[in-house]
Every structure is written in C-alpha cells, then in structure tokens.
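*Asks:* Structure supplied as model_6.csv; contents: CSV, C-alpha atoms and all ligand atoms.
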chain,number,residue,atom,x,y,z
A,1,MET,CA,26.5,-40.7,40.0
A,2,ARG,CA,29.0,-38.0,40.6
A,3,ALA,CA,30.2,-38.3,37.0
A,4,PHE,CA,26.7,-38.0,35.8
A,5,LEU,CA,26.2,-34.8,37.9
A,6,ARG,CA,29.4,-33.4,36.5
A,7,LEU,CA,28.2,-34.1,33.0
A,8,LEU,CA,24.8,-32.5,33.8
A,9,LEU,CA,26.4,-29.4,35.2
A,10,ALA,CA,28.7,-29.2,32.2
A,11,LEU,CA,25.7,-29.4,29.9
A,12,LEU,CA,23.8,-26.8,31.9
A,13,ALA,CA,26.8,-24.5,31.7
A,14,LEU,CA,26.9,-24.9,27.9
A,15,LEU,CA,23.2,-24.1,27.7
A,16,ALA,CA,23.7,-21.0,29.8
A,17,LEU,CA,26.2,-19.6,27.3
A,18,PRO,CA,24.7,-17.2,24.8
A,19,SER,CA,24.6,-19.0,21.5
A,20,PRO,CA,26.6,-17.0,18.9
A,21,ALA,CA,24.2,-18.0,16.2
A,22,ALA,CA,21.2,-16.6,18.1
A,23,ALA,CA,23.0,-13.3,18.6
A,24,LYS,CA,23.5,-12.6,14.9
A,25,PRO,CA,21.3,-10.0,13.4
A,26,ARG,CA,18.7,-11.3,11.0
A,27,VAL,CA,18.5,-9.3,7.7
A,28,VAL,CA,15.6,-9.8,5.4
A,29,ALA,CA,15.8,-8.2,1.9
A,30,THR,CA,12.8,-8.0,-0.4
A,31,VAL,CA,14.5,-8.8,-3.7
A,32,PRO,CA,17.3,-11.4,-4.1
A,33,SER,CA,19.8,-9.0,-5.7
A,34,LEU,CA,19.6,-6.8,-2.7
A,35,ALA,CA,19.9,-9.8,-0.4
A,36,ALA,CA,23.0,-10.9,-2.2
A,37,VAL,CA,24.7,-7.5,-1.7
A,38,ALA,CA,23.7,-7.7,2.0
A,39,ARG,CA,25.2,-11.2,2.3
A,40,ASP,CA,28.5,-9.9,0.9
A,41,VAL,CA,28.4,-7.2,3.6
A,42,ALA,CA,27.1,-9.4,6.4
A,43,GLY,CA,29.7,-12.2,6.0
A,44,GLU,CA,29.5,-14.5,9.0
A,45,ASP,CA,28.2,-11.8,11.3
A,46,ALA,CA,24.6,-11.7,10.2
A,47,GLU,CA,22.0,-14.0,8.7
A,48,VAL,CA,20.5,-12.8,5.4
A,49,SER,CA,17.4,-14.0,3.5
A,50,ALA,CA,15.3,-12.8,0.6
A,51,LEU,CA,11.5,-12.6,0.4
A,52,VAL,CA,11.3,-12.8,-3.4
A,53,LEU,CA,12.8,-15.3,-5.8
A,54,PRO,CA,14.4,-14.3,-9.1
A,55,THR,CA,11.6,-16.0,-10.9
A,56,GLN,CA,9.0,-13.8,-9.2
A,57,ASP,CA,7.9,-10.4,-10.4
A,58,PRO,CA,8.9,-8.1,-7.5
A,59,HIS,CA,6.0,-5.7,-8.2
A,60,TRP,CA,3.4,-8.3,-7.5
A,61,VAL,CA,4.3,-10.9,-4.9
A,62,ASP,CA,1.9,-13.3,-3.3
A,63,ALA,CA,2.0,-12.2,0.4
A,64,ARG,CA,2.0,-15.7,1.9
A,65,PRO,CA,2.0,-16.0,5.7
A,66,ASN,CA,5.4,-17.5,5.9
A,67,LEU,CA,6.8,-14.2,4.6
A,68,ALA,CA,5.2,-12.4,7.6
A,69,LEU,CA,6.7,-15.0,9.9
A,70,GLU,CA,10.1,-14.3,8.4
A,71,LEU,CA,9.6,-10.6,9.0
A,72,SER,CA,8.5,-11.1,12.5
A,73,ARG,CA,12.0,-12.4,13.4
A,74,ALA,CA,13.9,-9.8,11.4
A,75,ASP,CA,16.2,-7.2,12.9
A,76,LEU,CA,16.6,-5.4,9.6
A,77,LEU,CA,14.4,-5.1,6.6
A,78,LEU,CA,16.0,-3.9,3.4
A,79,VAL,CA,13.7,-2.6,0.7
A,80,VAL,CA,14.4,-1.3,-2.8
A,81,GLY,CA,11.8,1.4,-2.2
A,82,LEU,CA,10.3,3.8,-4.8
A,83,ASP,CA,7.0,1.9,-4.3
A,84,LEU,CA,8.5,-1.3,-6.0
A,85,GLU,CA,7.1,-3.3,-3.0
A,86,VAL,CA,4.1,-1.2,-2.1
A,87,GLY,CA,1.6,-3.6,-3.6
A,88,TRP,CA,2.5,-6.4,-1.2
A,89,LEU,CA,5.0,-5.5,1.5
A,90,PRO,CA,3.0,-3.2,3.8
A,91,ASN,CA,0.5,-5.9,4.7
A,92,LEU,CA,3.3,-8.3,5.5
A,93,GLN,CA,5.0,-5.6,7.7
A,94,THR,CA,1.7,-5.1,9.6
A,95,GLY,CA,1.2,-8.9,9.9
A,96,SER,CA,4.7,-9.4,11.3
A,97,ARG,CA,3.9,-7.3,14.4
A,98,ASN,CA,7.5,-6.3,14.4
A,99,ALA,CA,7.8,-2.6,15.3
A,100,ALA,CA,11.5,-2.4,14.3
A,101,ILE,CA,11.0,-3.1,10.6
A,102,GLN,CA,8.1,-0.8,10.0
A,103,ARG,CA,8.8,2.2,7.8
A,104,GLY,CA,10.8,4.6,9.8
A,105,GLY,CA,11.7,2.0,12.4
A,106,LYS,CA,15.3,1.4,13.4
A,107,GLY,CA,15.4,-1.9,11.5
A,108,TYR,CA,14.1,-0.5,8.2
A,109,LEU,CA,16.4,0.6,5.4
A,110,ASP,CA,15.2,1.9,2.0
A,111,VAL,CA,18.3,1.6,-0.2
A,112,SER,CA,16.9,3.9,-3.0
A,113,GLN,CA,18.2,6.8,-0.8
A,114,PHE,CA,21.8,5.8,-1.8
A,115,VAL,CA,21.1,5.9,-5.6
A,116,ASN,CA,21.1,8.7,-8.2
A,117,LEU,CA,17.6,8.1,-9.3
A,118,ARG,CA,16.3,8.1,-12.9
A,119,GLU,CA,12.8,9.2,-13.8
A,120,ALA,CA,12.2,10.8,-10.4
A,121,PRO,CA,8.9,12.6,-10.7
A,122,THR,CA,8.8,16.3,-11.2
A,123,ALA,CA,5.1,16.5,-10.2
A,124,PRO,CA,3.1,14.5,-7.7
A,125,VAL,CA,2.1,11.1,-9.2
A,126,ASP,CA,0.5,8.0,-7.8
A,127,ARG,CA,-0.2,4.4,-8.9
A,128,SER,CA,-3.8,5.3,-9.8
A,129,GLN,CA,-2.4,7.0,-12.9
A,130,GLY,CA,-1.5,3.5,-14.2
A,131,ASP,CA,2.2,3.6,-13.7
A,132,ILE,CA,3.8,1.4,-11.1
A,133,HIS,CA,7.0,3.6,-10.9
A,134,PRO,CA,5.5,6.7,-9.4
A,135,GLY,CA,8.4,7.7,-7.2
A,136,GLY,CA,11.2,7.2,-9.8
A,137,ASN,CA,12.5,4.0,-11.5
A,138,PRO,CA,13.3,1.3,-8.9
A,139,HIS,CA,15.3,-1.0,-11.2
A,140,PHE,CA,18.7,0.4,-10.3
A,141,LEU,CA,20.2,-3.0,-9.4
A,142,HIS,CA,20.7,-3.5,-13.2
A,143,ASP,CA,23.5,-0.9,-12.9
A,144,PRO,CA,26.4,-2.2,-10.8
A,145,ARG,CA,27.7,1.3,-10.4
A,146,SER,CA,24.8,1.8,-7.9
A,147,VAL,CA,25.8,-1.0,-5.7
A,148,GLU,CA,28.9,0.4,-3.9
A,149,ALA,CA,26.9,3.1,-2.1
A,150,ILE,CA,24.1,0.6,-1.3
A,151,ALA,CA,26.7,-1.8,0.2
A,152,TYR,CA,28.2,1.0,2.4
A,153,GLY,CA,24.6,2.1,3.4
A,154,ILE,CA,23.8,-1.5,4.5
A,155,ALA,CA,27.2,-1.7,6.3
A,156,ARG,CA,26.6,1.5,8.3
A,157,LYS,CA,23.1,0.3,9.2
A,158,LEU,CA,24.3,-3.1,10.3
A,159,GLY,CA,27.0,-1.4,12.3
A,160,GLU,CA,24.4,0.6,14.2
A,161,LEU,CA,22.4,-2.6,15.0
A,162,ASP,CA,25.5,-4.6,15.8
A,163,PRO,CA,28.3,-2.3,16.9
A,164,ASP,CA,30.7,-5.2,17.8
A,165,HIS,CA,31.0,-6.0,14.1
A,166,ALA,CA,30.7,-2.5,12.6
A,167,ALA,CA,34.2,-2.4,11.3
A,168,ALA,CA,33.9,-5.9,9.7
A,169,TYR,CA,30.7,-4.8,7.9
A,170,LEU,CA,32.5,-1.7,6.5
A,171,THR,CA,35.5,-3.8,5.5
A,172,ARG,CA,33.4,-6.2,3.6
A,173,ALA,CA,31.5,-3.4,1.8
A,174,GLN,CA,34.9,-2.0,0.8
A,175,THR,CA,35.9,-5.4,-0.5
A,176,LEU,CA,32.8,-5.5,-2.7
A,177,ALA,CA,33.5,-2.0,-3.9
A,178,VAL,CA,37.0,-2.9,-4.9
A,179,THR,CA,35.8,-6.0,-6.8
A,180,LEU,CA,33.2,-3.9,-8.6
A,181,ALA,CA,35.7,-1.2,-9.4
A,182,ARG,CA,37.8,-3.9,-11.1
A,183,LYS,CA,34.9,-5.7,-12.9
A,184,ILE,CA,32.8,-2.7,-14.1
A,185,PRO,CA,35.4,-1.5,-16.7
A,186,GLU,CA,35.8,-5.2,-17.9
A,187,TRP,CA,32.0,-5.4,-18.4
A,188,GLU,CA,31.9,-2.0,-20.1
A,189,ALA,CA,34.6,-3.0,-22.5
A,190,ARG,CA,32.9,-6.3,-23.4
A,191,LEU,CA,29.6,-4.5,-24.0
A,192,ALA,CA,31.0,-1.4,-25.7
A,193,PRO,CA,29.6,-2.5,-29.1
A,194,LEU,CA,26.1,-2.1,-27.6
A,195,ARG,CA,26.5,1.7,-27.5
A,196,GLY,CA,23.8,3.3,-29.7
A,197,MET,CA,22.0,-0.1,-30.3
A,198,LYS,CA,18.3,0.3,-30.4
A,199,LEU,CA,16.3,-2.4,-28.5
A,200,VAL,CA,12.8,-3.1,-27.3
A,201,ALA,CA,12.1,-4.2,-23.7
A,202,TYR,CA,9.0,-5.7,-22.1
A,203,HIS,CA,9.0,-3.6,-18.9
A,204,LYS,CA,10.6,-0.2,-18.2
A,205,SER,CA,13.3,-1.8,-16.0
A,206,TRP,CA,16.3,-0.7,-18.2
A,207,PRO,CA,16.9,3.1,-17.7
A,208,TYR,CA,19.9,2.4,-15.4
A,209,ALA,CA,21.4,-0.2,-17.8
A,210,GLU,CA,20.8,2.2,-20.7
A,211,ALA,CA,22.6,5.0,-18.9
A,212,TRP,CA,25.4,2.6,-18.0
A,213,LEU,CA,25.9,0.8,-21.3
A,214,GLY,CA,24.6,3.3,-23.8
A,215,PHE,CA,22.0,1.2,-25.6
A,216,GLU,CA,18.6,2.7,-26.2
A,217,ILE,CA,15.2,1.2,-25.5
A,218,VAL,CA,13.0,2.6,-28.3
A,219,GLU,CA,9.7,1.0,-27.1
A,220,TYR,CA,8.3,-1.0,-24.3
A,221,VAL,CA,5.8,-3.9,-24.9
A,222,GLU,CA,3.9,-2.6,-21.8
A,223,PRO,CA,2.2,0.6,-22.7
A,224,LYS,CA,2.9,1.8,-19.2
A,225,PRO,CA,4.9,0.1,-16.5
A,226,GLY,CA,2.6,-2.6,-15.0
A,227,ILE,CA,0.0,-2.3,-17.7
A,228,PRO,CA,-0.3,-5.4,-20.0
A,229,PRO,CA,0.1,-4.9,-23.7
A,230,ASN,CA,-2.9,-4.2,-26.0
A,231,PRO,CA,-3.2,-4.5,-29.8
A,232,ALA,CA,-2.9,-0.8,-30.6
A,233,HIS,CA,0.3,-0.5,-28.6
A,234,VAL,CA,1.7,-3.7,-30.0
A,235,ALA,CA,1.2,-2.2,-33.5
A,236,GLN,CA,3.2,0.9,-32.4
A,237,VAL,CA,5.9,-1.4,-31.1
A,238,LEU,CA,6.1,-3.3,-34.3
A,239,GLY,CA,6.3,0.0,-36.3
A,240,ALA,CA,9.2,1.2,-34.1
A,241,MET,CA,11.0,-2.1,-34.5
A,242,ARG,CA,10.8,-2.0,-38.3
A,243,ARG,CA,11.8,1.6,-38.4
A,244,HIS,CA,14.9,1.1,-36.2
A,245,GLY,CA,15.8,-2.4,-37.3
A,246,VAL,CA,15.6,-3.6,-33.7
A,247,PRO,CA,17.5,-6.9,-33.3
A,248,ALA,CA,16.2,-8.0,-29.9
A,249,ILE,CA,13.6,-7.7,-27.2
A,250,ILE,CA,14.9,-7.9,-23.7
A,251,GLU,CA,12.9,-8.9,-20.6
A,252,GLU,CA,13.4,-10.3,-17.1
A,253,ALA,CA,12.7,-14.0,-17.0
A,254,TYR,CA,9.7,-13.5,-14.7
A,255,TYR,CA,7.9,-12.0,-17.7
A,256,SER,CA,6.9,-14.8,-20.0
A,257,ASP,CA,4.4,-12.9,-22.0
A,258,ALA,CA,3.1,-14.5,-25.2
A,259,THR,CA,2.9,-11.0,-26.8
A,260,VAL,CA,6.7,-10.9,-26.8
A,261,GLU,CA,6.9,-14.2,-28.7
A,262,GLN,CA,4.4,-13.0,-31.3
A,263,ILE,CA,6.4,-9.8,-31.8
A,264,SER,CA,9.5,-11.9,-32.1
A,265,GLU,CA,7.9,-14.1,-34.7
A,266,ARG,CA,6.6,-11.2,-36.7
A,267,THR,CA,9.8,-9.2,-36.7
A,268,GLY,CA,12.5,-11.8,-36.5
A,269,ALA,CA,13.9,-10.1,-33.4
A,270,LYS,CA,15.4,-12.4,-30.9
A,271,ILE,CA,14.2,-12.6,-27.3
A,272,LEU,CA,16.8,-12.1,-24.6
A,273,ARG,CA,15.6,-13.3,-21.2
A,274,ILE,CA,17.7,-11.9,-18.3
A,275,PRO,CA,17.4,-13.5,-14.8
A,276,GLY,CA,15.1,-11.5,-12.7
A,277,GLY,CA,17.7,-11.2,-10.0
A,278,VAL,CA,20.5,-13.0,-8.2
A,279,HIS,CA,19.9,-16.8,-7.6
A,280,PHE,CA,20.4,-16.0,-4.0
A,281,VAL,CA,19.2,-19.2,-2.4
A,282,GLU,CA,21.7,-21.1,-4.6
A,283,GLY,CA,24.5,-19.0,-3.1
A,284,GLU,CA,25.1,-16.9,-6.2
A,285,THR,CA,26.7,-13.5,-5.5
A,286,TYR,CA,25.8,-10.2,-7.1
A,287,VAL,CA,29.1,-10.1,-9.0
A,288,GLU,CA,28.4,-13.6,-10.4
A,289,HIS,CA,24.9,-12.6,-11.4
A,290,MET,CA,26.3,-9.6,-13.3
A,291,GLU,CA,28.8,-11.9,-15.0
A,292,GLU,CA,25.8,-13.8,-16.3
A,293,PHE,CA,23.9,-10.6,-17.1
A,294,VAL,CA,26.8,-9.2,-19.1
A,295,GLY,CA,27.3,-12.6,-20.9
A,296,LEU,CA,23.7,-12.6,-22.0
A,297,LEU,CA,23.8,-9.0,-23.2
A,298,ALA,CA,27.0,-9.9,-25.1
A,299,GLN,CA,24.9,-12.1,-27.3
A,300,LEU,CA,23.7,-8.9,-28.9
A,301,VAL,CA,27.2,-7.8,-29.9
A,302,PRO,CA,27.2,-7.9,-33.7
A,303,GLY,CA,29.3,-10.8,-35.0
A,304,GLY,CA,30.3,-11.7,-31.5
A,305,ALA,CA,30.0,-15.2,-30.2
A,306,PRO,CA,28.0,-15.4,-26.9
B,401,ZN,ZN,9.2,-1.9,-12.6
Could you spell out this file's structure in structure tokens?
*Replies:*
Amino acid sequence: MRAFLRLLLALLALLALPSPAAAKPRVVATVPSLAAVARDVAGEDAEVSALVLPTQDPHWVDARPNLALELSRADLLLVVGLDLEVGWLPNLQTGSRNAAIQRGGKGYLDVSQFVNLREAPTAPVDRSQGDIHPGGNPHFLHDPRSVEAIAYGIARKLGELDPDHAAAYLTRAQTLAVTLARKIPEWEARLAPLRGMKLVAYHKSWPYAEAWLGFEIVEYVEPKPGIPPNPAHVAQVLGAMRRHGVPAIIEEAYYSDATVEQISERTGAKILRIPGGVHFVEGETYVEHMEEFVGLLAQLVPGGAP
C-alpha cells in the first residue's frame, strides 16, 4: 500500500510539472512556404503548421471550420499580406475568437513588411477593380533573396512572444541566411541562360522571379490576376507567343487550366508546372523546395538537360 502511495505521489508530481510541449508557442502560417521558413526559425522551440497546402490556390481557400480551430490555439499567425489571404482568412480569424491573432494583435505578423515590394500601387486600388493584387504583388516567396529578412522578422517576433528562446530563434534565422547566401549564387549560375528569355505565365506570380533571374513574362493567360481567361485575351496571348517565339508557359501546379493546354497544343510551347509552395507537411524545407524550383526552371535552359 505504501509503495502504491509512493507511486501515486510520484505520478502526481510528474503531472504537476509544466509540460515542455505545452509551453511551446504555436505558430500558424497561411501558405506552406512561409510555414517552412518559420519552421527553420522555430527549430524545437515552437510548433509550426500551415493552413494551405501547396496544391491549393492561396487566393481562394475553402475556409473549413478546422482551420478556425487551428487558429483558436495559435500564439502567432504569419500572413503573406498584400491581400493575398483577404478572400478567406478574415472570417477564420473572427471564427477563431483568438484576440492575439487578429490584425494588429501581438500574435499577428504580416511578413510583406520585410520585402521590397513589386507592383506597389501608386494610386488607391481595390479588388472590385478586378485585380486580386491591389496592394502590390504578394508572390515574393518565389525570390529566395526575400527570405532572409522574413526569417529575421519571424525570429524577432517569436523572441518577443517567447523571450527564453529569443537568442535561439535569431541564431536559426542566421543559419538559414548563411545557407541562402551560399545557395543563391549557385542557383543564379545554373539559371543564367534564362536571362532575357521570353515566357508566358498563367498568373502574375512571377515579378519577383523575373527580377531575380532576368527572364521576362510577355503575357499572362489570365487577363488580370484572378480573372479567368477569355477567347479575346487568349488570341492576344497566342499572338505574343508567336511574335516572341515563347518556348514555355509556366504556372503553379494548383492551376490546371485547360486553356493552358490548348495554348500549348496550338503553339508547341511546353508547360512547366511549378509546385505551388513547399511540401511542408512532408517535412520539405524552403531550401529543398527552391532546389526543385530551380531544377524545373533549368529545363528551359536551351540545350541543357533537366
Ligand atoms: Zn496572385
């Protein structure tokens, strides 16, 4: 009996200890590439999840209740910003009843503030004008040069929420920055033959990659970002492709528009499907994703094997 009591007391003592796992901050990122950067920064000190899969278009996400549940438990919400998530995230934030992760809350971080934006508006615009990039182009995660500042921004924010691990978050951000500084010139060298190449893309998600790698998107299959193609616009795209001898159409894998296949058939241009983001759930890192991204784009190098 005494032995049993000792065991019971020992068990109770164990239960009374704060569980280290429960103390970890929970980070929820909207898109998987952002979650992957956050996971590199968080290491073992925070839990990270993503609301969107790389197979889902991040502009239009089905706001299922389980996503609100995930947000209700979050200590930090990471968003791309620039209205990328405005069509689906605000309702989930409200539904989560979590004050910290509302816009302006201490657990809300819009990472677009760390990026040198492209296509920032010079005059007031809104989505009613038929463009889903009213605040500037949100597809900056296609340019790895934008990621260092984002990683440090996440590290500082996590350090505020979890001061005990502030130094560890900064160290991990620095490790990612060092890796990127080594990889980026390698990727640039591999894709140098793409400079000046004229391409067509489905959606206007490439301005940052264009600026980084020097290729040029001469037409988009969407007449405006978020607006599906129409015959008159497709005729214009076909004309531009013939004029410039465009060898390929690039699109994120979450666009599987039949129009792109028709254009490919009519022009002989190949279709290059790029993953819509890091395969975060499978454990892929941002750097691994960029290796794949660069490997796919390398298929466009004239005469180069994939
Ligand atoms: Zn977009």
*Asks:* What's the separation between atom CA of Phe215 of chain A and atom CA of Met241 of chain A, in Å to one decimal place?
*Replies:* 14.5 Å
*Asks:* Set out as CSV a contact list for chain A and ligand ZN 401 (chain B) with a cut-off of 10 Å, giving each residue of chain A that qualifies its closest atom pair and distance in Å to one decimal, counting only C-alpha atoms and all ligand atoms, ordered by chain and rising residue number.
*Replies:*
residue,atom,partner,partner_atom,distance
A:Asp57,CA,B:ZN401,ZN,8.9
A:Pro58,CA,B:ZN401,ZN,8.0
A:His59,CA,B:ZN401,ZN,6.6
A:Leu82,CA,B:ZN401,ZN,9.7
A:Asp83,CA,B:ZN401,ZN,9.4
A:Leu84,CA,B:ZN401,ZN,6.7
A:Glu85,CA,B:ZN401,ZN,9.9
A:Asp131,CA,B:ZN401,ZN,9.0
A:Ile132,CA,B:ZN401,ZN,6.5
A:His133,CA,B:ZN401,ZN,6.2
A:Pro134,CA,B:ZN401,ZN,9.9
A:Gly136,CA,B:ZN401,ZN,9.7
A:Asn137,CA,B:ZN401,ZN,6.8
A:Pro138,CA,B:ZN401,ZN,6.4
A:His139,CA,B:ZN401,ZN,6.3
A:His203,CA,B:ZN401,ZN,6.5
A:Lys204,CA,B:ZN401,ZN,6.0
A:Ser205,CA,B:ZN401,ZN,5.3
A:Trp206,CA,B:ZN401,ZN,9.1
A:Lys224,CA,B:ZN401,ZN,9.8
A:Pro225,CA,B:ZN401,ZN,6.1
A:Gly226,CA,B:ZN401,ZN,7.1
*Asks:* Return the single residue from A:Ala235, A:Val281, A:Ala42, A:Ile101 that is closest to Arg156 of chain A, with distances computed using all atoms listed in the file.
*Replies:* A:Ala42
*Asks:* Go through A:Leu67, A:Leu300, A:Leu176, A:Val41 one by one, measure the shortest atom-to-atom distance of each to Leu194 of chain A using all atoms listed in the file, and give the residue with the smallest value.
*Replies:*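 The closest residue to Leu194 of chain A is A:Leu300.
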*Asks:* From the options A:Thr30, A:Ser49, A:Thr171, A:Ser146, which residue's atoms come nearest to Asp110 of chain A, counting only C-alpha atoms?
*Replies:*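 Looking at the shortest contact to Asp110 of chain A, the residue is A:Thr30.
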*Asks:* List as a ChimeraX atom specification the protein and nucleic acid residues near Ala173 of chain A, meaning an atom at most 12 Å away when only C-alpha atoms are counted, but skip any in the same chain fewer than 2 places from it.
*Replies:* /A:37-43,147-159,166-171,175-180
*Asks:* Per residue of segment 214-255 of chain A within 7 Å of segment 270-273 of chain A, what are the shortest atom pair and its distance in Å to one decimal, counting all atoms listed in the file, with rows by chain and residue number, as a Markdown table?
*Replies:*
| residue | atom | partner | partner_atom | distance |
| --- | --- | --- | --- | --- |
| A:Pro247 | CA | A:Lys270 | CA | 6.4 |
| A:Ala248 | CA | A:Lys270 | CA | 4.6 |
| A:Ile249 | CA | A:Ile271 | CA | 4.9 |
| A:Ile250 | CA | A:Leu272 | CA | 4.7 |
| A:Glu251 | CA | A:Arg273 | CA | 5.2 |
| A:Glu252 | CA | A:Arg273 | CA | 5.5 |
| A:Ala253 | CA | A:Arg273 | CA | 5.2 |
*Asks:* Need the shell around Gly214 of chain A: protein/DNA/RNA residues with any atom at most 7 Å away, counting all atoms listed in the file. Skip same-chain ones fewer than 3 positions apart. Format as a CSV table (one decimal) with C-alpha atoms, keeping the file's coordinate frame?
*Replies:*
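Output contents, as saved in part24.csv:
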chain,number,residue,atom,x,y,z
A,194,LEU,CA,26.1,-2.1,-27.6
A,195,ARG,CA,26.5,1.7,-27.5
A,196,GLY,CA,23.8,3.3,-29.7
A,210,GLU,CA,20.8,2.2,-20.7
A,211,ALA,CA,22.6,5.0,-18.9
*Asks:* Using all atoms listed in the file, can you tell me which of A:Pro228, A:Val287, A:Leu117, A:Tyr254 comes closest to Val61 of chain A?
*Replies:*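 Of A:Pro228, A:Val287, A:Leu117, A:Tyr254, the one nearest Val61 of chain A is A:Tyr254, counting all atoms listed in the file.
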*Asks:* For atom CA of Ile263 of chain A and atom CA of His244 of chain A, quote the distance in Å rounded to one decimal.
*Replies:*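 Distance reported for this atom pair: 14.5 Å.
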*Asks:* As an exercise, work out the distance from atom CA of Gly303 of chain A to atom CA of Gly239 of chain A in Å and give it to one decimal place.
*Replies:* 25.4 Å
